[in-house]
2 protein chains.
Amino acid sequence: MAGEVEVKARVESREKLAKKIESLGGRFTREVAQEDVYFIHPCRNLRERDEALRLRREGGECILTFKGKRVGKEAKIREEIEVRVDDFEATQNIFSQLGFEKLFIIRKSRKDFLLDGATISLDSVEGLGEFVEIEVMVPSMKKDIVEDANHMQELKRKLFAIAERLEVPTERLTTESYLEMLASKSSSSIDRR
Amino acid sequence: MAGEVEVKARVESREKLAKKIESLGGRFTREVAQEDVYFIHPCRNLRERDEALRLRREGGECILTFKGKRVGKEAKIREEIEVRVDDFEATQNIFSQLGFEKLFIIRKSRKDFLLDGATISLDSVEGLGEFVEIEVMVPSMKKDIVEDANHMQELKRKLFAIAERLEVPTERLTTESYLEMLASKSSSSIDRR
């Protein structure tokens, strides 16, 4: 199972940061509209377990993702299981029939860049604002790799070094997800579970 | 949402029936190995609700299907919601992480024929034997169509007429699913839910 190690930070201007990335030799790879549906499990508190089930539509593709518990503090490290599905509505219908409810829909526009082996995403998130996300993919999230403190420390150092090159202040970096930010904005609806 | 109207019957020999179908003008369309994983819901008794969640692998394809409650008696009529997924193992892993367990895996070899607008499947099911399944797809399972007794009666008549042409005795026709047949064979394991 693959995983991701990431940090994000609120930014003033995506345009300014895009120029900065390119001036450092970063390469623009894509711009895509993403629509993320997060589900409420019929009998498990995914939020309490720090897990999430997400159905993403981006471009013509739909991806269903289970996100496992975070294991990092300074950088967000979590297991992800992904499958591509061919029908966004039908997938929602199947989960609805199984008793899952929609928790939130997060819509964002994302611009991706490659820099120093990391993916840098400049996101404009509906209702939240503009963010930079720096992410390194980990091919396997096997226990021995995650528990290899040296290896994880090295990945975190890499993310922090990139943030520094982008002149994103370390104190602004967060491991909070957009889902959590939206949830704390409208805490009444998330408190249902 | 699409649906299916079907009946099945145990047969002595797939080969003999295949010849019969072709002698009646039926057209062979495909032969495929199918592996069906049925899931136990973490907090709903799908069996009691007469629902099912199935992940099928056939040829290079994987299809996730929610099957709704049966509404017919003589012929099996049920709503189906389907999505194609691109990874059989990952899909199982996602459901496993969500607390779903595997109930049964049904493996069969299926030969499909088209005759009189119906799909005729000749199945050899591991642990169960050989069967013929006669199925008509219904493009929409909207309430008004299912409740249109005349229309449903007509579809059933069509299935029964085909069974007669195939010389499958009416008293052998059943709406029981392979899942139910396997479950009653090994009732100890299904009684867990």
# chains A, B, ... in the order shown; residues from 1 in each chain; ligands from 1

$ interface_residues --of "chain A" --to "chain B" --cutoff "12 Å" --atoms "only C-alpha atoms" --output "PyMOL selection string"
chain A and resi 1-2+39-46+49+51-54+61-69+79-100

$ residues_around --residues "Val132 (chain A)" --least-positions-apart "5" --cutoff "10 Å" --atoms "only C-alpha atoms" --output "ChimeraX atom specification"
/A:7-14,17-18,110-112,120-124,163,166,168,173

$ closest_residue --among "B:Ser186, B:Leu179, B:Leu159, B:Ala149" --to "Val71 (chain B)" --atoms "only C-alpha atoms"
B:Ala149

$ residues_around --residues "Asp116 (chain A)" --least-positions-apart "6" --cutoff "10 Å" --atoms "only C-alpha atoms" --output "mmCIF file with C-alpha atoms, in the first residue's frame"
data_model
loop_
_atom_site.group_PDB
_atom_site.id
_atom_site.type_symbol
_atom_site.label_atom_id
_atom_site.label_comp_id
_atom_site.auth_asym_id
_atom_site.auth_seq_id
_atom_site.Cartn_x
_atom_site.Cartn_y
_atom_site.Cartn_z
ATOM 1 C CA LEU A 24 13.587 27.470 -8.603
ATOM 2 C CA GLY A 25 13.404 25.050 -11.534
ATOM 3 C CA GLY A 26 10.046 23.485 -10.645
ATOM 4 C CA ARG A 27 8.027 22.095 -13.533
ATOM 5 C CA VAL A 136 6.283 13.031 -1.211
ATOM 6 C CA LYS A 158 13.055 17.137 2.617
ATOM 7 C CA LEU A 159 9.556 18.659 2.887
ATOM 8 C CA ALA A 161 13.741 22.168 3.089
ATOM 9 C CA ILE A 162 11.407 22.666 0.116
#

$ residues_around --residues "Tyr178 (chain B)" --least-positions-apart "4" --cutoff "10 Å" --atoms "only C-alpha atoms" --output "JSON, numbers by chain"
{"B": [8, 106, 125, 128, 131, 182, 183, 184]}

$ write_last_selection --atoms "N, CA, C and O atoms" --output "mmCIF file, in the first residue's frame"
data_model
loop_
_atom_site.group_PDB
_atom_site.id
_atom_site.type_symbol
_atom_site.label_atom_id
_atom_site.label_comp_id
_atom_site.auth_asym_id
_atom_site.auth_seq_id
_atom_site.Cartn_x
_atom_site.Cartn_y
_atom_site.Cartn_z
ATOM 1 N N LYS B 8 -33.301 -19.099 -12.975
ATOM 2 C CA LYS B 8 -32.241 -20.064 -13.266
ATOM 3 C C LYS B 8 -32.743 -21.472 -12.975
ATOM 4 O O LYS B 8 -33.791 -21.662 -12.324
ATOM 5 N N ILE B 106 -17.428 -16.909 -4.849
ATOM 6 C CA ILE B 106 -18.047 -17.854 -5.776
ATOM 7 C C ILE B 106 -17.276 -17.812 -7.090
ATOM 8 O O ILE B 106 -17.106 -16.742 -7.675
ATOM 9 N N VAL B 125 -20.564 -23.804 -11.675
ATOM 10 C CA VAL B 125 -20.247 -23.112 -10.434
ATOM 11 C C VAL B 125 -19.502 -24.046 -9.483
ATOM 12 O O VAL B 125 -20.002 -25.136 -9.166
ATOM 13 N N LEU B 128 -21.136 -26.223 -6.705
ATOM 14 C CA LEU B 128 -22.599 -26.262 -6.848
ATOM 15 C C LEU B 128 -23.079 -27.085 -8.041
ATOM 16 O O LEU B 128 -24.108 -27.740 -7.956
ATOM 17 N N PHE B 131 -25.639 -24.861 -14.293
ATOM 18 C CA PHE B 131 -26.913 -24.137 -14.279
ATOM 19 C C PHE B 131 -27.118 -23.371 -15.573
ATOM 20 O O PHE B 131 -26.160 -23.035 -16.263
ATOM 21 N N LEU B 182 -25.019 -21.622 -1.882
ATOM 22 C CA LEU B 182 -23.783 -21.907 -1.158
ATOM 23 C C LEU B 182 -23.983 -21.737 0.341
ATOM 24 O O LEU B 182 -23.467 -22.509 1.145
ATOM 25 N N ALA B 183 -24.780 -20.708 0.688
ATOM 26 C CA ALA B 183 -25.017 -20.431 2.105
ATOM 27 C C ALA B 183 -25.760 -21.588 2.758
ATOM 28 O O ALA B 183 -25.421 -22.015 3.866
ATOM 29 N N SER B 184 -26.764 -22.130 2.051
ATOM 30 C CA SER B 184 -27.513 -23.218 2.691
ATOM 31 C C SER B 184 -26.692 -24.503 2.711
ATOM 32 O O SER B 184 -26.913 -25.380 3.536
#

$ select_by_dssp --residues "chain A" --states "alpha helix (DSSP H)" --output "ChimeraX atom specification"
/A:14-23,88-97,143-146,149-165,178-185,187-190

$ write_last_selection --atoms "C-alpha atoms" --output "compact mmCIF listing (two decimals), in the first residue's frame"
# COMPACT_ATOMS: atom_id res chain seq x y z
CA ARG A 14 -0.99 31.11 -5.70
CA GLU A 15 0.25 33.16 -8.67
CA LYS A 16 3.20 34.57 -6.75
CA LEU A 17 4.17 31.15 -5.43
CA ALA A 18 3.81 29.56 -8.89
CA LYS A 19 6.40 32.04 -10.19
CA LYS A 20 8.67 31.28 -7.25
CA ILE A 21 8.44 27.52 -7.90
CA GLU A 22 9.26 27.97 -11.57
CA SER A 23 12.16 30.30 -10.76
CA PHE A 88 -19.01 9.07 -9.84
CA GLU A 89 -22.78 9.03 -9.28
CA ALA A 90 -23.13 5.24 -9.19
CA THR A 91 -20.30 4.96 -6.64
CA GLN A 92 -22.06 7.51 -4.43
CA ASN A 93 -25.29 5.55 -4.86
CA ILE A 94 -23.68 2.27 -3.82
CA PHE A 95 -22.32 3.85 -0.62
CA SER A 96 -25.63 5.56 0.03
CA GLN A 97 -27.42 2.19 -0.28
CA LYS A 143 5.32 -0.99 9.20
CA ASP A 144 9.10 -1.30 9.06
CA ILE A 145 9.36 1.68 6.72
CA VAL A 146 7.06 3.90 8.77
CA ALA A 149 12.58 6.85 12.15
CA ASN A 150 15.64 7.83 10.15
CA HIS A 151 13.91 7.38 6.82
CA MET A 152 10.81 9.28 7.95
CA GLN A 153 12.95 12.01 9.46
CA GLU A 154 14.74 12.34 6.15
CA LEU A 155 11.43 12.68 4.25
CA LYS A 156 10.26 15.34 6.70
CA ARG A 157 13.54 17.21 6.37
CA LYS A 158 13.06 17.14 2.62
CA LEU A 159 9.56 18.66 2.89
CA PHE A 160 10.76 21.33 5.31
CA ALA A 161 13.74 22.17 3.09
CA ILE A 162 11.41 22.67 0.12
CA ALA A 163 9.11 24.85 2.22
CA GLU A 164 12.13 26.94 3.13
CA ARG A 165 13.17 27.30 -0.50
CA TYR A 178 -9.09 20.50 4.28
CA LEU A 179 -11.80 18.25 5.67
CA GLU A 180 -10.84 19.21 9.23
CA MET A 181 -10.61 22.90 8.34
CA LEU A 182 -14.07 22.81 6.81
CA ALA A 183 -15.38 20.76 9.72
CA SER A 184 -14.15 23.26 12.30
CA LYS A 185 -15.68 26.07 10.22
CA SER A 187 -18.73 22.40 13.58
CA SER A 188 -22.46 21.99 14.00
CA SER A 189 -22.76 19.58 11.10
CA ILE A 190 -19.70 17.50 11.93

$ select_by_dssp --residues "region 4-170 of chain A" --states "strand (DSSP E)" --output "PyMOL selection string"
chain A and resi 4-10+27-40+52-58+61-70+76-85+101-115+118-125+129-138

$ closest_residue --among "A:Val138, A:Ile105, A:Leu114, A:Ile77" --to "Asp50 (chain A)" --atoms "only C-alpha atoms"
A:Ile77

$ closest_residue --among "A:Ala118, A:Ala33, A:Val5, A:Met137" --to "Glu58 (chain A)" --atoms "only C-alpha atoms"
A:Ala33

$ atom_distance --atom1 "CA of Glu4 (chain B)" --atom2 "CA of Lys76 (chain B)"
7.6 Å

$ atom_distance --atom1 "CA of Gly117 (chain A)" --atom2 "CA of Val37 (chain A)"
28.6 Å

$ decode --residues "region 75-91 of chain A" --atoms "all heavy atoms" --output "PDB file, in the first residue's frame"
ATOM      1  N   ALA A  75       4.937  16.199  10.003  1.00  0.00           N
ATOM      2  CA  ALA A  75       4.471  15.988   8.636  1.00  0.00           C
ATOM      3  C   ALA A  75       3.377  14.934   8.699  1.00  0.00           C
ATOM      4  O   ALA A  75       3.374  14.095   9.584  1.00  0.00           O
ATOM      5  CB  ALA A  75       5.614  15.510   7.740  1.00  0.00           C
ATOM      6  N   LYS A  76       2.425  15.041   7.786  1.00  0.00           N
ATOM      7  CA  LYS A  76       1.305  14.109   7.813  1.00  0.00           C
ATOM      8  C   LYS A  76       1.684  12.870   7.017  1.00  0.00           C
ATOM      9  O   LYS A  76       1.996  12.948   5.839  1.00  0.00           O
ATOM     10  CB  LYS A  76       0.080  14.789   7.198  1.00  0.00           C
ATOM     11  CG  LYS A  76      -1.201  14.021   7.358  1.00  0.00           C
ATOM     12  CD  LYS A  76      -2.399  14.890   7.045  1.00  0.00           C
ATOM     13  CE  LYS A  76      -2.663  14.952   5.547  1.00  0.00           C
ATOM     14  NZ  LYS A  76      -3.862  15.755   5.247  1.00  0.00           N
ATOM     15  N   ILE A  77       1.704  11.725   7.670  1.00  0.00           N
ATOM     16  CA  ILE A  77       2.036  10.465   7.019  1.00  0.00           C
ATOM     17  C   ILE A  77       0.826   9.568   7.183  1.00  0.00           C
ATOM     18  O   ILE A  77       0.378   9.324   8.297  1.00  0.00           O
ATOM     19  CB  ILE A  77       3.242   9.788   7.700  1.00  0.00           C
ATOM     20  CG1 ILE A  77       4.437  10.752   7.737  1.00  0.00           C
ATOM     21  CG2 ILE A  77       3.615   8.493   6.998  1.00  0.00           C
ATOM     22  CD1 ILE A  77       5.558  10.287   8.655  1.00  0.00           C
ATOM     23  N   ARG A  78       0.265   9.116   6.095  1.00  0.00           N
ATOM     24  CA  ARG A  78      -0.858   8.191   6.250  1.00  0.00           C
ATOM     25  C   ARG A  78      -0.937   7.229   5.079  1.00  0.00           C
ATOM     26  O   ARG A  78      -0.542   7.546   3.965  1.00  0.00           O
ATOM     27  CB  ARG A  78      -2.178   8.947   6.468  1.00  0.00           C
ATOM     28  CG  ARG A  78      -2.725   9.680   5.288  1.00  0.00           C
ATOM     29  CD  ARG A  78      -3.809  10.688   5.647  1.00  0.00           C
ATOM     30  NE  ARG A  78      -4.819  10.171   6.531  1.00  0.00           N
ATOM     31  CZ  ARG A  78      -5.901  10.864   6.910  1.00  0.00           C
ATOM     32  NH1 ARG A  78      -6.080  12.103   6.473  1.00  0.00           N
ATOM     33  NH2 ARG A  78      -6.787  10.342   7.705  1.00  0.00           N
ATOM     34  N   GLU A  79      -1.455   6.063   5.396  1.00  0.00           N
ATOM     35  CA  GLU A  79      -1.655   5.027   4.394  1.00  0.00           C
ATOM     36  C   GLU A  79      -2.844   5.410   3.517  1.00  0.00           C
ATOM     37  O   GLU A  79      -3.828   5.939   4.023  1.00  0.00           O
ATOM     38  CB  GLU A  79      -1.968   3.736   5.138  1.00  0.00           C
ATOM     39  CG  GLU A  79      -2.143   2.545   4.272  1.00  0.00           C
ATOM     40  CD  GLU A  79      -2.610   1.365   5.106  1.00  0.00           C
ATOM     41  OE1 GLU A  79      -3.803   1.331   5.476  1.00  0.00           O
ATOM     42  OE2 GLU A  79      -1.796   0.497   5.390  1.00  0.00           O
ATOM     43  N   GLU A  80      -2.726   5.125   2.232  1.00  0.00           N
ATOM     44  CA  GLU A  80      -3.847   5.368   1.330  1.00  0.00           C
ATOM     45  C   GLU A  80      -4.086   4.148   0.462  1.00  0.00           C
ATOM     46  O   GLU A  80      -3.140   3.570  -0.059  1.00  0.00           O
ATOM     47  CB  GLU A  80      -3.541   6.553   0.408  1.00  0.00           C
ATOM     48  CG  GLU A  80      -3.480   7.881   1.109  1.00  0.00           C
ATOM     49  CD  GLU A  80      -3.662   9.039   0.143  1.00  0.00           C
ATOM     50  OE1 GLU A  80      -3.426   8.848  -1.064  1.00  0.00           O
ATOM     51  OE2 GLU A  80      -4.034  10.117   0.604  1.00  0.00           O
ATOM     52  N   ILE A  81      -5.326   3.767   0.327  1.00  0.00           N
ATOM     53  CA  ILE A  81      -5.668   2.702  -0.626  1.00  0.00           C
ATOM     54  C   ILE A  81      -6.572   3.331  -1.681  1.00  0.00           C
ATOM     55  O   ILE A  81      -7.594   3.937  -1.336  1.00  0.00           O
ATOM     56  CB  ILE A  81      -6.425   1.533   0.038  1.00  0.00           C
ATOM     57  CG1 ILE A  81      -5.734   1.110   1.343  1.00  0.00           C
ATOM     58  CG2 ILE A  81      -6.511   0.346  -0.906  1.00  0.00           C
ATOM     59  CD1 ILE A  81      -6.542   0.085   2.136  1.00  0.00           C
ATOM     60  N   GLU A  82      -6.197   3.200  -2.933  1.00  0.00           N
ATOM     61  CA  GLU A  82      -6.927   3.884  -4.005  1.00  0.00           C
ATOM     62  C   GLU A  82      -7.401   2.930  -5.091  1.00  0.00           C
ATOM     63  O   GLU A  82      -6.671   2.013  -5.470  1.00  0.00           O
ATOM     64  CB  GLU A  82      -6.003   4.896  -4.691  1.00  0.00           C
ATOM     65  CG  GLU A  82      -5.682   6.101  -3.858  1.00  0.00           C
ATOM     66  CD  GLU A  82      -5.171   7.259  -4.701  1.00  0.00           C
ATOM     67  OE1 GLU A  82      -4.726   7.012  -5.844  1.00  0.00           O
ATOM     68  OE2 GLU A  82      -5.226   8.395  -4.227  1.00  0.00           O
ATOM     69  N   VAL A  83      -8.589   3.185  -5.586  1.00  0.00           N
ATOM     70  CA  VAL A  83      -9.040   2.510  -6.810  1.00  0.00           C
ATOM     71  C   VAL A  83      -9.710   3.522  -7.724  1.00  0.00           C
ATOM     72  O   VAL A  83     -10.387   4.445  -7.251  1.00  0.00           O
ATOM     73  CB  VAL A  83     -10.071   1.368  -6.580  1.00  0.00           C
ATOM     74  CG1 VAL A  83      -9.414   0.123  -6.056  1.00  0.00           C
ATOM     75  CG2 VAL A  83     -11.200   1.792  -5.678  1.00  0.00           C
ATOM     76  N   ARG A  84      -9.515   3.340  -9.001  1.00  0.00           N
ATOM     77  CA  ARG A  84     -10.206   4.151  -9.976  1.00  0.00           C
ATOM     78  C   ARG A  84     -11.594   3.549 -10.210  1.00  0.00           C
ATOM     79  O   ARG A  84     -11.715   2.323 -10.305  1.00  0.00           O
ATOM     80  CB  ARG A  84      -9.417   4.150 -11.285  1.00  0.00           C
ATOM     81  CG  ARG A  84      -8.988   5.514 -11.774  1.00  0.00           C
ATOM     82  CD  ARG A  84      -7.766   5.377 -12.656  1.00  0.00           C
ATOM     83  NE  ARG A  84      -6.580   5.391 -11.814  1.00  0.00           N
ATOM     84  CZ  ARG A  84      -5.955   6.519 -11.445  1.00  0.00           C
ATOM     85  NH1 ARG A  84      -6.380   7.708 -11.878  1.00  0.00           N
ATOM     86  NH2 ARG A  84      -4.909   6.472 -10.642  1.00  0.00           N
ATOM     87  N   VAL A  85     -12.622   4.371 -10.234  1.00  0.00           N
ATOM     88  CA  VAL A  85     -13.971   3.877 -10.516  1.00  0.00           C
ATOM     89  C   VAL A  85     -14.476   4.603 -11.759  1.00  0.00           C
ATOM     90  O   VAL A  85     -14.006   5.701 -12.064  1.00  0.00           O
ATOM     91  CB  VAL A  85     -14.938   4.112  -9.326  1.00  0.00           C
ATOM     92  CG1 VAL A  85     -14.511   3.312  -8.108  1.00  0.00           C
ATOM     93  CG2 VAL A  85     -15.029   5.590  -8.964  1.00  0.00           C
ATOM     94  N   ASP A  86     -15.405   3.998 -12.488  1.00  0.00           N
ATOM     95  CA  ASP A  86     -15.780   4.600 -13.767  1.00  0.00           C
ATOM     96  C   ASP A  86     -17.076   5.409 -13.702  1.00  0.00           C
ATOM     97  O   ASP A  86     -17.522   5.892 -14.742  1.00  0.00           O
ATOM     98  CB  ASP A  86     -15.852   3.527 -14.865  1.00  0.00           C
ATOM     99  CG  ASP A  86     -17.127   2.708 -14.779  1.00  0.00           C
ATOM    100  OD1 ASP A  86     -17.713   2.642 -13.681  1.00  0.00           O
ATOM    101  OD2 ASP A  86     -17.549   2.146 -15.800  1.00  0.00           O
ATOM    102  N   ASP A  87     -17.657   5.550 -12.507  1.00  0.00           N
ATOM    103  CA  ASP A  87     -18.927   6.282 -12.442  1.00  0.00           C
ATOM    104  C   ASP A  87     -19.062   6.951 -11.069  1.00  0.00           C
ATOM    105  O   ASP A  87     -19.227   6.285 -10.049  1.00  0.00           O
ATOM    106  CB  ASP A  87     -20.081   5.310 -12.700  1.00  0.00           C
ATOM    107  CG  ASP A  87     -21.417   6.016 -12.910  1.00  0.00           C
ATOM    108  OD1 ASP A  87     -21.686   7.021 -12.209  1.00  0.00           O
ATOM    109  OD2 ASP A  87     -22.193   5.555 -13.762  1.00  0.00           O
ATOM    110  N   PHE A  88     -18.981   8.272 -11.070  1.00  0.00           N
ATOM    111  CA  PHE A  88     -19.010   9.071  -9.844  1.00  0.00           C
ATOM    112  C   PHE A  88     -20.361   8.933  -9.130  1.00  0.00           C
ATOM    113  O   PHE A  88     -20.423   8.666  -7.926  1.00  0.00           O
ATOM    114  CB  PHE A  88     -18.759  10.536 -10.232  1.00  0.00           C
ATOM    115  CG  PHE A  88     -18.515  11.492  -9.102  1.00  0.00           C
ATOM    116  CD1 PHE A  88     -17.355  11.417  -8.337  1.00  0.00           C
ATOM    117  CD2 PHE A  88     -19.425  12.502  -8.819  1.00  0.00           C
ATOM    118  CE1 PHE A  88     -17.108  12.318  -7.314  1.00  0.00           C
ATOM    119  CE2 PHE A  88     -19.190  13.409  -7.795  1.00  0.00           C
ATOM    120  CZ  PHE A  88     -18.035  13.323  -7.035  1.00  0.00           C
ATOM    121  N   GLU A  89     -21.443   9.078  -9.877  1.00  0.00           N
ATOM    122  CA  GLU A  89     -22.783   9.033  -9.276  1.00  0.00           C
ATOM    123  C   GLU A  89     -23.101   7.628  -8.761  1.00  0.00           C
ATOM    124  O   GLU A  89     -23.602   7.457  -7.648  1.00  0.00           O
ATOM    125  CB  GLU A  89     -23.860   9.452 -10.299  1.00  0.00           C
ATOM    126  CG  GLU A  89     -23.604  10.767 -11.026  1.00  0.00           C
ATOM    127  CD  GLU A  89     -23.509  11.959 -10.093  1.00  0.00           C
ATOM    128  OE1 GLU A  89     -24.051  11.878  -8.979  1.00  0.00           O
ATOM    129  OE2 GLU A  89     -22.886  12.978 -10.470  1.00  0.00           O
ATOM    130  N   ALA A  90     -22.806   6.616  -9.587  1.00  0.00           N
ATOM    131  CA  ALA A  90     -23.130   5.239  -9.195  1.00  0.00           C
ATOM    132  C   ALA A  90     -22.351   4.847  -7.941  1.00  0.00           C
ATOM    133  O   ALA A  90     -22.888   4.172  -7.059  1.00  0.00           O
ATOM    134  CB  ALA A  90     -22.830   4.280 -10.343  1.00  0.00           C
ATOM    135  N   THR A  91     -21.091   5.288  -7.833  1.00  0.00           N
ATOM    136  CA  THR A  91     -20.301   4.964  -6.639  1.00  0.00           C
ATOM    137  C   THR A  91     -20.930   5.598  -5.406  1.00  0.00           C
ATOM    138  O   THR A  91     -21.053   4.966  -4.355  1.00  0.00           O
ATOM    139  CB  THR A  91     -18.837   5.435  -6.814  1.00  0.00           C
ATOM    140  OG1 THR A  91     -18.325   4.892  -8.030  1.00  0.00           O
ATOM    141  CG2 THR A  91     -17.966   4.975  -5.655  1.00  0.00           C
TER     142      THR A  91
END
